[in-house]
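Structure file coords_23.cif with mmCIF, C-alpha atoms:
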```cif
data_data
#
loop_
_atom_site.label_atom_id
_atom_site.label_comp_id
_atom_site.auth_asym_id
_atom_site.auth_seq_id
_atom_site.Cartn_x
_atom_site.Cartn_y
_atom_site.Cartn_z
CA MET A 1 60.43 80.00 68.35
CA ARG A 2 62.01 79.52 71.74
CA GLY A 3 65.45 80.10 70.20
CA TRP A 4 64.22 83.29 68.60
CA GLY A 5 62.77 84.47 71.87
CA ALA A 6 66.05 83.85 73.66
CA ALA A 7 67.99 85.59 70.90
CA LEU A 8 65.67 88.60 71.04
CA LEU A 9 66.03 88.72 74.80
CA LEU A 10 69.82 88.66 74.44
CA VAL A 11 69.70 91.48 71.90
CA ALA A 12 67.39 93.45 74.17
CA LEU A 13 69.80 92.95 77.11
CA ALA A 14 72.74 93.98 74.95
CA VAL A 15 70.95 97.17 73.90
CA GLN A 16 70.08 97.89 77.50
CA ALA A 17 73.70 97.35 78.53
CA ASP A 18 74.89 99.68 75.79
CA GLU A 19 72.71 102.48 77.06
CA ARG A 20 74.56 102.60 80.36
CA ARG A 21 77.51 104.96 80.28
CA SER A 22 80.21 105.52 82.83
CA GLY A 23 80.66 109.18 83.72
CA PHE A 24 84.18 108.68 82.38
CA LEU A 25 82.83 108.93 78.82
CA ASP A 26 81.25 112.32 79.49
CA MET A 27 84.50 113.89 80.67
CA SER A 28 86.86 116.06 78.62
CA PRO A 29 89.72 114.23 76.83
CA ALA A 30 92.19 115.87 79.24
CA THR A 31 90.40 114.55 82.32
CA GLN A 32 90.03 111.13 80.71
CA ALA A 33 93.77 111.06 80.05
CA MET A 34 94.37 112.00 83.68
CA GLN A 35 92.40 108.99 84.89
CA ARG A 36 93.77 106.58 82.31
CA ASP A 37 97.45 107.26 82.99
CA ASP A 38 98.58 106.14 86.43
CA SER A 39 101.47 108.61 86.38
CA LEU A 40 98.95 111.47 86.03
CA ASN A 41 96.11 110.14 88.18
CA PRO A 42 96.26 111.84 91.62
CA GLY A 43 94.17 108.97 93.05
CA MET A 44 97.29 106.82 92.75
CA LEU A 45 98.83 108.83 95.62
CA TRP A 46 96.20 107.30 97.92
CA VAL A 47 96.69 103.86 96.38
CA LEU A 48 100.40 104.17 97.19
CA GLN A 49 99.63 105.25 100.75
CA GLY A 50 97.13 102.41 101.07
CA GLU A 51 99.80 99.93 100.04
CA GLN A 52 101.99 101.18 102.89
CA VAL A 53 99.12 101.12 105.40
CA TRP A 54 98.23 97.59 104.28
CA SER A 55 101.62 96.13 105.14
CA ARG A 56 102.47 98.15 108.25
CA PRO A 57 100.98 97.50 111.71
CA ALA A 58 98.97 100.53 112.84
CA VAL A 59 100.02 99.98 116.46
CA ALA A 60 103.47 98.71 117.33
CA GLY A 61 103.41 94.93 117.81
CA GLY A 62 99.87 94.70 116.51
CA PRO A 63 98.73 92.95 113.37
CA SER A 64 98.83 94.57 109.94
CA CYS A 65 96.21 94.08 107.22
CA ALA A 66 98.71 91.90 105.35
CA GLY A 67 99.24 89.80 108.51
CA CYS A 68 95.70 88.41 108.28
CA HIS A 69 94.67 88.95 104.66
CA GLY A 70 97.99 88.33 102.94
CA ASP A 71 98.83 89.83 99.60
CA ALA A 72 96.12 92.34 98.66
CA LYS A 73 96.65 91.67 94.96
CA GLN A 74 95.07 88.25 95.42
CA ALA A 75 93.11 88.57 98.66
CA MET A 76 91.35 91.82 97.78
CA ARG A 77 90.74 91.16 94.09
CA GLY A 78 87.05 91.55 93.38
CA VAL A 79 86.17 92.66 96.92
CA ALA A 80 85.31 96.25 96.01
CA ALA A 81 83.18 94.96 93.11
CA ARG A 82 80.79 93.12 95.43
CA TYR A 83 80.28 95.71 98.17
CA PRO A 84 77.94 96.84 99.77
CA ALA A 85 77.37 93.41 101.32
CA PHE A 86 75.39 92.05 104.25
CA ASP A 87 77.17 92.11 107.61
CA ALA A 88 75.82 89.37 109.85
CA ALA A 89 77.40 90.86 112.99
CA ARG A 90 75.52 94.14 112.60
CA ASP A 91 72.51 92.55 110.89
CA ARG A 92 72.52 95.17 108.14
CA PRO A 93 74.28 95.88 104.87
CA ILE A 94 77.54 97.80 105.03
CA ASP A 95 79.67 99.43 102.35
CA LEU A 96 83.39 99.07 101.79
CA PRO A 97 84.47 102.12 103.90
CA GLN A 98 82.40 100.77 106.82
CA ARG A 99 83.88 97.31 106.36
CA ILE A 100 87.40 98.75 106.49
CA ALA A 101 86.59 100.98 109.47
CA ALA A 102 85.08 98.01 111.34
CA CYS A 103 88.19 95.93 110.69
CA GLN A 104 90.41 98.78 111.88
CA GLN A 105 88.32 99.20 115.03
CA ARG A 106 88.32 95.50 115.83
CA VAL A 107 91.94 94.63 115.15
CA GLN A 108 93.69 97.93 115.71
CA PRO A 109 91.57 99.79 118.27
CA GLY A 110 92.53 103.39 118.79
CA ALA A 111 94.66 103.46 115.67
CA ALA A 112 91.83 103.81 113.16
CA ASP A 113 91.94 107.09 111.38
CA ALA A 114 89.83 108.30 108.50
CA GLU A 115 92.81 109.19 106.32
CA ALA A 116 94.28 105.69 106.54
CA GLY A 117 90.80 104.28 105.93
CA LEU A 118 90.41 106.29 102.73
CA ALA A 119 93.85 105.21 101.53
CA LEU A 120 93.01 101.57 102.27
CA GLN A 121 89.75 101.95 100.41
CA ALA A 122 91.61 103.30 97.38
CA TYR A 123 94.12 100.45 97.57
CA VAL A 124 91.45 97.76 97.95
CA ALA A 125 89.28 99.23 95.18
CA TYR A 126 92.35 99.43 92.93
CA GLN A 127 92.68 95.63 93.16
CA SER A 128 89.28 95.31 91.46
CA ARG A 129 90.04 97.69 88.63
CA GLY A 130 88.57 96.39 85.38
CA LEU A 131 86.37 93.79 87.08
CA PRO A 132 82.61 94.01 86.58
CA ILE A 133 80.50 95.33 89.45
CA ALA A 134 79.00 92.17 90.95
CA PRO A 135 76.39 92.77 93.67
CA PRO A 136 76.06 89.60 95.79
CA ASP A 137 73.05 87.39 95.25
CA ASP A 138 71.86 87.68 98.84
CA ALA A 139 68.17 87.69 99.76
CA ARG A 140 68.89 89.78 102.86
CA LEU A 141 69.95 92.66 100.59
CA GLN A 142 66.67 92.71 98.72
CA ALA A 143 64.66 94.90 101.11
CA PRO A 144 67.41 97.51 101.69
CA ARG A 145 68.05 97.67 97.94
CA GLU A 146 64.37 98.33 97.33
CA ARG A 147 64.45 101.09 99.94
CA GLY A 148 67.44 102.51 98.08
CA GLN A 149 65.51 102.41 94.84
CA ALA A 150 62.61 104.22 96.50
CA LEU A 151 65.07 106.85 97.78
CA TRP A 152 66.43 107.25 94.26
CA ARG A 153 62.91 108.15 93.10
CA GLN A 154 62.06 110.23 96.19
CA ARG A 155 61.82 113.98 95.58
CA LEU A 156 63.91 115.80 98.15
CA GLY A 157 64.93 119.25 99.26
CA GLN A 158 63.83 122.78 98.43
CA LEU A 159 64.41 122.09 94.74
CA ASP A 160 62.07 119.09 95.03
CA LEU A 161 64.21 116.86 92.84
CA ALA A 162 64.75 113.12 92.91
CA CYS A 163 68.01 111.50 91.78
CA ALA A 164 66.01 109.86 88.98
CA ASP A 165 64.71 113.22 87.71
CA CYS A 166 68.19 114.10 86.46
CA HIS A 167 70.28 110.92 86.30
CA ASP A 168 67.60 108.75 84.67
CA ALA A 169 65.39 111.22 82.82
CA LEU A 170 67.89 113.91 81.78
CA ALA A 171 71.19 112.03 81.67
CA GLY A 172 73.30 113.01 78.68
CA ARG A 173 71.91 116.56 78.67
CA ARG A 174 73.44 119.51 80.44
CA LEU A 175 72.90 121.36 83.68
CA GLY A 176 74.50 124.74 83.23
CA GLY A 177 77.72 123.93 81.41
CA SER A 178 78.18 120.47 82.87
CA PRO A 179 77.01 117.17 81.39
CA ILE A 180 74.54 115.21 83.52
CA PRO A 181 76.00 111.70 83.96
CA GLN A 182 73.92 108.59 84.55
CA GLY A 183 75.40 108.37 88.01
CA HIS A 184 77.01 104.95 87.99
CA PRO A 185 79.40 104.35 90.91
CA THR A 186 82.19 102.91 88.77
CA GLY A 187 85.18 104.93 89.95
CA TYR A 188 84.95 105.18 93.76
CA PRO A 189 86.83 106.39 95.63
CA ILE A 190 87.22 109.22 93.10
CA TYR A 191 89.66 112.07 92.87
CA ARG A 192 87.35 114.96 92.19
CA LEU A 193 89.04 118.02 90.71
CA GLU A 194 86.48 120.28 92.39
CA TRP A 195 87.36 118.78 95.79
CA GLN A 196 91.08 118.66 94.98
CA ASN A 197 90.93 115.51 97.03
CA LEU A 198 89.91 111.88 97.08
CA GLY A 199 86.37 111.19 98.24
CA THR A 200 83.93 108.35 98.81
CA LEU A 201 80.58 107.65 97.23
CA GLN A 202 78.95 108.91 100.42
CA ARG A 203 80.69 112.26 100.03
CA ARG A 204 79.48 112.45 96.44
CA LEU A 205 75.90 111.64 97.47
CA ARG A 206 76.08 114.18 100.29
CA ALA A 207 77.13 116.82 97.75
CA CYS A 208 74.12 115.85 95.60
CA LEU A 209 71.77 116.23 98.57
CA THR A 210 73.07 119.68 99.47
CA GLY A 211 72.87 120.45 95.74
CA VAL A 212 69.09 119.98 95.77
CA ARG A 213 69.06 121.83 99.13
CA ALA A 214 68.03 118.81 101.14
CA GLU A 215 69.29 117.95 104.61
CA PRO A 216 71.90 115.21 104.17
CA PHE A 217 71.37 112.00 106.16
CA ALA A 218 73.39 111.51 109.32
CA ALA A 219 76.90 110.12 108.88
CA GLU A 220 76.05 106.53 109.85
CA ALA A 221 72.48 106.56 108.53
CA PRO A 222 71.39 103.38 106.68
CA GLU A 223 70.13 105.46 103.75
CA TRP A 224 73.65 105.90 102.35
CA VAL A 225 74.21 102.16 102.11
CA GLU A 226 70.72 101.57 100.75
CA LEU A 227 71.34 104.06 97.95
CA ALA A 228 74.78 102.52 97.31
CA LEU A 229 73.15 99.06 97.12
CA TYR A 230 70.67 100.25 94.52
CA LEU A 231 73.39 102.04 92.56
CA ALA A 232 75.62 98.96 92.54
CA TRP A 233 72.72 96.84 91.31
CA ARG A 234 71.88 99.46 88.67
CA ALA A 235 75.52 99.42 87.48
CA ARG A 236 75.97 95.64 87.75
CA GLY A 237 78.34 94.31 85.13
CA MET A 238 79.95 97.69 84.43
CA PRO A 239 83.74 97.63 84.92
CA LEU A 240 85.25 99.31 87.97
CA GLU A 241 87.75 102.07 87.19
CA ALA A 242 88.99 102.97 90.66
CA PRO A 243 90.59 105.32 91.44
CA GLY A 244 88.49 107.43 89.08
CA VAL A 245 89.03 111.09 88.26
CA ARG A 246 85.99 113.31 87.92
CA PRO A 247 85.71 117.06 87.21
CA MET B 1 105.39 112.49 105.41
CA ALA B 2 103.89 113.46 102.12
CA ARG B 3 103.65 111.02 99.28
CA SER B 4 104.97 111.51 95.81
CA LEU B 5 104.61 109.66 92.55
CA ILE B 6 107.61 109.95 90.24
CA THR B 7 107.60 108.43 86.78
CA LEU B 8 110.71 108.16 84.63
CA PRO B 9 112.21 105.46 82.41
CA GLU B 10 114.61 103.02 84.06
CA ARG B 11 117.05 103.00 81.14
CA VAL B 12 117.68 105.74 78.62
CA VAL B 13 119.96 106.20 75.63
CA ARG B 14 122.89 108.57 76.05
CA GLY B 15 122.30 111.95 74.44
CA GLU B 16 118.55 111.51 74.19
CA SER B 17 116.04 113.40 76.27
CA PHE B 18 113.44 111.69 78.42
CA ARG B 19 110.30 112.82 80.25
CA VAL B 20 110.06 112.96 84.02
CA ARG B 21 106.70 113.28 85.76
CA THR B 22 106.28 114.19 89.41
CA LEU B 23 103.08 114.26 91.41
CA LEU B 24 103.23 115.39 95.03
CA GLN B 25 100.50 115.07 97.61
CA HIS B 26 100.03 118.47 99.18
CA PRO B 27 96.90 120.51 100.05
CA MET B 28 98.28 123.77 98.53
CA GLU B 29 96.08 125.87 100.81
CA SER B 30 96.16 129.25 99.11
CA GLY B 31 95.73 131.48 102.19
CA PHE B 32 92.75 133.22 100.59
CA ARG B 33 90.02 130.76 101.56
CA VAL B 34 87.92 130.82 104.70
CA GLY B 35 87.16 127.74 106.77
CA ALA B 36 83.85 126.57 108.19
CA ASP B 37 84.22 129.04 111.08
CA GLY B 38 84.57 132.01 108.70
CA ARG B 39 88.23 132.58 109.55
CA LEU B 40 90.95 132.78 106.95
CA LEU B 41 92.82 129.49 106.55
CA PRO B 42 96.56 130.16 106.85
CA ARG B 43 98.59 129.68 103.72
CA ASP B 44 100.24 126.29 103.36
CA ILE B 45 101.83 125.78 99.95
CA VAL B 46 104.88 124.22 98.36
CA ARG B 47 107.22 127.11 97.52
CA ARG B 48 110.01 125.44 95.61
CA PHE B 49 110.72 122.39 93.55
CA ARG B 50 114.20 121.34 92.39
CA CYS B 51 115.57 118.38 90.51
CA LEU B 52 119.27 117.53 90.55
CA TYR B 53 120.76 115.08 88.05
CA ASN B 54 124.00 113.69 89.48
CA GLY B 55 124.29 116.83 91.62
CA GLU B 56 123.61 119.23 88.78
CA LEU B 57 120.48 121.35 88.84
CA VAL B 58 118.25 120.53 85.85
CA ILE B 59 115.05 122.30 86.84
CA GLU B 60 113.94 124.66 89.55
CA ALA B 61 110.40 125.93 89.94
CA GLU B 62 108.78 128.48 92.20
CA LEU B 63 105.20 127.57 93.05
CA SER B 64 102.48 130.12 93.80
CA PRO B 65 99.19 130.05 95.76
CA ALA B 66 97.15 129.77 92.54
CA ILE B 67 98.43 126.24 91.88
CA ALA B 68 95.94 123.44 92.65
CA ALA B 69 96.41 120.81 95.33
CA ASN B 70 98.71 117.86 94.59
CA PRO B 71 100.95 119.75 92.15
CA PHE B 72 102.04 117.87 89.03
CA ILE B 73 105.29 118.90 87.33
CA GLU B 74 106.52 117.32 84.11
CA PHE B 75 109.81 118.14 82.41
CA SER B 76 112.49 116.77 80.06
CA VAL B 77 116.07 115.87 80.90
CA ARG B 78 118.88 114.96 78.50
CA ALA B 79 120.62 111.70 79.42
CA VAL B 80 124.34 112.17 80.08
CA ASP B 81 125.59 109.58 82.57
CA SER B 82 124.20 106.82 84.74
CA GLY B 83 123.48 107.93 88.26
CA SER B 84 120.44 109.29 90.02
CA LEU B 85 117.92 112.06 90.04
CA LEU B 86 117.20 113.86 93.27
CA PHE B 87 113.85 115.56 93.72
CA GLU B 88 113.34 118.19 96.40
CA TRP B 89 110.20 120.04 97.38
CA SER B 90 110.11 122.66 100.13
CA GLY B 91 107.38 124.91 101.40
CA ASP B 92 105.47 126.58 104.21
CA ASN B 93 105.49 125.23 107.76
CA GLY B 94 108.87 123.62 107.23
CA PHE B 95 107.61 121.30 104.53
CA ALA B 96 110.49 119.38 102.99
CA GLN B 97 110.43 116.26 100.86
CA ARG B 98 113.31 114.50 99.14
CA GLU B 99 113.13 111.55 96.79
CA GLN B 100 115.84 109.84 94.81
CA ARG B 101 115.52 107.67 91.71
CA PRO B 102 118.25 105.71 89.95
CA LEU B 103 118.87 106.12 86.23
CA ILE B 104 120.80 103.82 83.88
CA VAL B 105 122.23 105.41 80.73
CA ALA B 106 123.22 102.95 78.03
#
```
Mind turning the file's structure into structure tokens?
Amino acid sequence: MRGWGAALLLVALAVQADERRSGFLDMSPATQAMQRDDSLNPGMLWVLQGEQVWSRPAVAGGPSCAGCHGDAKQAMRGVAARYPAFDAARDRPIDLPQRIAACQQRVQPGAADAEAGLALQAYVAYQSRGLPIAPPDDARLQAPRERGQALWRQRLGQLDLACADCHDALAGRRLGGSPIPQGHPTGYPIYRLEWQNLGTLQRRLRACLTGVRAEPFAAEAPEWVELALYLAWRARGMPLEAPGVRP
Amino acid sequence: MARSLITLPERVVRGESFRVRTLLQHPMESGFRVGADGRLLPRDIVRRFRCLYNGELVIEAELSPAIAANPFIEFSVRAVDSGSLLFEWSGDNGFAQREQRPLIVA
């Protein structure tokens, strides 16, 4: 009986896993081809730039990323898959862009710029392409993740909509002409055709908040990371596809 | 300096044609949009793209404001001799970008 129970549980888990879909699958074949082929994917421009930033000191005579971390292909493999993570120095969880910005500030003060940070993020995330999203098993992340989950279910804005109202309850259906994805953060940073630019998960969430006519959180507000924590946990095990392309 | 992503085969067979893909990082600001302050953003686009194969022009394109950011241009070239392909983009505000790629024809 125990064996049967375990088998049933496994089947149930498998079914549950199958129900999760990356937004990639809801895109047109042309946009899918654009993401799949590195010679078409505009996100690769930032990966290329990130590779240069990685190996070049930001200030003359100063250290480069490669100087401390070594070859990104080994050192950064799997890093993007486990962020957001708990930062002991700040006593709160931080996401990958914040981790990179903090490193830039500490080691290369004055040289940190957002453009280089975004390129580095693309380059670091690229090293985890294909790896499953693996949120760390850290008790300190439990409370912020639960706050993120509460935010996900919190109705917001003049339209009085929660994330869950669309991305859990109505995912797979359409809003206007566009498919409603399940909202898994598998491709970040993404090249969004509407933006004609590369953007972070925070930018995407900010666009969602203005979409329901809510006031977005402040730039460094903990809510962004809390939501990202919940989203990473919700998408745990799904493969990363950075840099993703989205319509 | 802008970044570009150029994809072409390293070796090609003489007489056969091969595909070349170019992706250039550029905002392609059309000149018709307004910024956050309500003022018109000045036009900043790539105007011209050229590719020279061993000094001979194989493609030239004139780009317009309706083309999206990070323009992607794909074309075919017939392999004649080993040598190199030179890619040149030029545009508003003195934008100029040159890239060279070697080609081996067997």
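Distances to chain A were evaluated for B:His26, B:Arg39, B:Arg101, B:Arg50 using only C-alpha atoms, and the minimum falls at B:His26.
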Could you list the residues chosen by the PyMOL selection byres ((chain B) within 7 of (chain A)) in this structure as number ranges by chain? B: 3-5, 7, 25, 69
I'd like the neighbourhood of Arg155 of chain A as a ChimeraX atom specification, where a residue qualifies if any of its atoms comes within 10 Å (using only C-alpha atoms), though same-chain residues fewer than 4 positions away should be ignored. /A:150-151,159-165,212,214
For the residues in that selection, give me C-alpha atoms as a PDB file, keeping the file's coordinate frame.
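Output saved as selection-v3.pdb:
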```pdb
ATOM      1  CA  ALA A 150      62.610 104.220  96.500  1.00  0.00           C
ATOM      2  CA  LEU A 151      65.070 106.850  97.780  1.00  0.00           C
ATOM      3  CA  LEU A 159      64.410 122.090  94.740  1.00  0.00           C
ATOM      4  CA  ASP A 160      62.070 119.090  95.030  1.00  0.00           C
ATOM      5  CA  LEU A 161      64.210 116.860  92.840  1.00  0.00           C
ATOM      6  CA  ALA A 162      64.750 113.120  92.910  1.00  0.00           C
ATOM      7  CA  CYS A 163      68.010 111.500  91.780  1.00  0.00           C
ATOM      8  CA  ALA A 164      66.010 109.860  88.980  1.00  0.00           C
ATOM      9  CA  ASP A 165      64.710 113.220  87.710  1.00  0.00           C
ATOM     10  CA  VAL A 212      69.090 119.980  95.770  1.00  0.00           C
ATOM     11  CA  ALA A 214      68.030 118.810 101.140  1.00  0.00           C
TER      12      ALA A 214
END
```
If the PyMOL selection byres ((chain B and resi 32) around 9) were run on this exact file, what residues would it hold? Put them as a PyMOL selection string. chain B and resi 29-31+33-34+40-43+65
As an exercise, work out the distance from atom CA of Ala134 of chain A to atom CA of Tyr230 of chain A in Å and give it to one decimal place. 12.1 Å
Find the residues with any atom within 12 Å of (112.9, 121.1, 103.5); use all atoms listed in the file and the coordinates as given in the file, and write the answer as JSON, numbers by chain. {"B": [1, 2, 46, 47, 48, 49, 50, 87, 88, 89, 90, 91, 92, 93, 94, 95, 96, 97, 98, 99]}
Would you output that residue set with C-alpha atoms, as a short mmCIF file (atom, residue, chain, number, x, y, z; two decimals), in the coordinates of the input?
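Below is the file that was written, selection19.cif:
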```cif
data_model
loop_
_atom_site.label_atom_id
_atom_site.label_comp_id
_atom_site.auth_asym_id
_atom_site.auth_seq_id
_atom_site.Cartn_x
_atom_site.Cartn_y
_atom_site.Cartn_z
CA MET B 1 105.39 112.49 105.41
CA ALA B 2 103.89 113.46 102.12
CA VAL B 46 104.88 124.22 98.36
CA ARG B 47 107.22 127.11 97.52
CA ARG B 48 110.01 125.44 95.61
CA PHE B 49 110.72 122.39 93.55
CA ARG B 50 114.20 121.34 92.39
CA PHE B 87 113.85 115.56 93.72
CA GLU B 88 113.34 118.19 96.40
CA TRP B 89 110.20 120.04 97.38
CA SER B 90 110.11 122.66 100.13
CA GLY B 91 107.38 124.91 101.40
CA ASP B 92 105.47 126.58 104.21
CA ASN B 93 105.49 125.23 107.76
CA GLY B 94 108.87 123.62 107.23
CA PHE B 95 107.61 121.30 104.53
CA ALA B 96 110.49 119.38 102.99
CA GLN B 97 110.43 116.26 100.86
CA ARG B 98 113.31 114.50 99.14
CA GLU B 99 113.13 111.55 96.79
#
```
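Closest approach to Gly157 of chain A from the set A:Asp37, A:Glu241, A:Glu215, A:Asp87 is made by A:Glu215, with distances taken over all atoms listed in the file.
Residues lying within 10 Å of (126.5, 106.0, 84.2). Counted over all atoms listed in the file, they are Arg14, Asn54, Ala79, Val80, Asp81, Ser82, Gly83, Ser84, Leu103, Ile104, Val105 and Ala106 of chain B.
What separates atom CA of Leu198 of chain A from atom CA of Glu51 of chain A is a distance of 15.8 Å.
Computed from the coordinates, the atom CA of Ile100 of chain A to atom CA of His184 of chain A distance equals 22.1 Å.
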The PyMOL selection byres ((chain A and resi 63) around 12) - which residues does that actually catch in the file I just gave you? List them as a count of residues only. 24
Select, from B:Val77, B:Tyr53, B:Ser17, B:Ala61, the residue with the minimum atom-to-atom distance to Pro102 of chain B, counting only C-alpha atoms. B:Tyr53
Residues near Gln127 of chain A, anyone? I mean within 12 Å using only C-alpha atoms, not counting same-chain ones fewer than 5 positions away, as an MDAnalysis selection string. chainID A and resid 47 50:51 71:81 120:122 240:243
